[in-house]
Amino acid sequence: DTGVSQNPRHKITKRGQNVTFRCDPISEHNRLYWYRQTLGQGPEFLTYFQNEAQLEKSRLLSDRFSAERPKGSFSTLEIQRTEQGDSAMYLCASSFSTGELFFGEGSRLTVL
Amino acid sequence: QQQVKQSPQSLIVQKGGISIINCAYENTAFDYFPWYQQFPGKGPALLIAIRPDVSEKKEGRFTISFNKSAKQFSLHIMDSQPGDSATYFCAASWPSGTYKYIFGTGTRLKVLA
């Protein structure tokens, strides 16, 4: 399968714990995006990378959130000290610099 | 100004009918308008996209109509099929070249057999 891969698919955690999600993009894509989607809503932009450089972060991305893309390959999204409001689907997408974003199936976070 | 307003929230269409979903925007700097289809438990998948210098684009049963002066665009699904039952999102991208999307709130389409 050469699509965007996200792990884990579902994470249940207690409030205050740290969680990390991993995204493996389509191998030749230079851009990688993170979005967050809550039930019944459209995805909301969080951040994006071109190669290893993080070019923009949304104000939705509080100091508890950090994303990295070492060596311009896979990316991780870490949430520290999780809160119940962090419960959502975290979507990763990759692309060439051409507009078509290819999304993964997402990582669903449930904070108890 | 950064919002994309989508309607209707839900839509029920008979098999073979035409499904129409509308979106409106305010920011005239948006320069790329894709439509995404999402099935439950899956990530969104690109259906069709248009740039503001084109008034209509057709791919198979899917057509985008774009009205730049009214700042509106719509998705038409011809000959709707039960397999089209999904949630559809319009989106707009800005600044130019970033492909950083602002998504609408989605339309849940159900096509009756």
# chains A, B, ... in the order shown; residues from 1 in each chain; ligands from 1
>>> select_by_dssp(residues="segment 28-97 of chain A", states="strand (DSSP E or B)", output="ChimeraX atom specification")
/A:31-37,44-50,53-57,65-68,75-79,88-95
>>> interface_residues(of="chain B", to="chain A", cutoff="10 Å", atoms="only C-alpha atoms", output="number ranges by chain")
B: 9, 32-34, 36, 38, 40-49, 87-91, 93, 97-108
>>> closest_atom_pairs(of="segment 3-43 of chain A", to="segment 64-67 of chain A", cutoff="12 Å", atoms="only C-alpha atoms", output="JSON lines")
{"residue": "A:Gly16", "atom": "CA", "partner": "A:Arg64", "partner_atom": "CA", "distance": 10.8}
{"residue": "A:Gln17", "atom": "CA", "partner": "A:Arg64", "partner_atom": "CA", "distance": 11.2}
{"residue": "A:Asn18", "atom": "CA", "partner": "A:Arg64", "partner_atom": "CA", "distance": 9.3}
{"residue": "A:Val19", "atom": "CA", "partner": "A:Phe65", "partner_atom": "CA", "distance": 9.8}
{"residue": "A:Thr20", "atom": "CA", "partner": "A:Ala67", "partner_atom": "CA", "distance": 9.4}
{"residue": "A:Phe21", "atom": "CA", "partner": "A:Ala67", "partner_atom": "CA", "distance": 9.4}
{"residue": "A:Arg22", "atom": "CA", "partner": "A:Ala67", "partner_atom": "CA", "distance": 9.7}
{"residue": "A:Cys23", "atom": "CA", "partner": "A:Ala67", "partner_atom": "CA", "distance": 10.6}
{"residue": "A:Leu32", "atom": "CA", "partner": "A:Ala67", "partner_atom": "CA", "distance": 10.8}
{"residue": "A:Tyr33", "atom": "CA", "partner": "A:Ala67", "partner_atom": "CA", "distance": 10.1}
{"residue": "A:Trp34", "atom": "CA", "partner": "A:Ala67", "partner_atom": "CA", "distance": 8.7}
{"residue": "A:Tyr35", "atom": "CA", "partner": "A:Ala67", "partner_atom": "CA", "distance": 11.6}
{"residue": "A:Arg36", "atom": "CA", "partner": "A:Phe65", "partner_atom": "CA", "distance": 12.0}
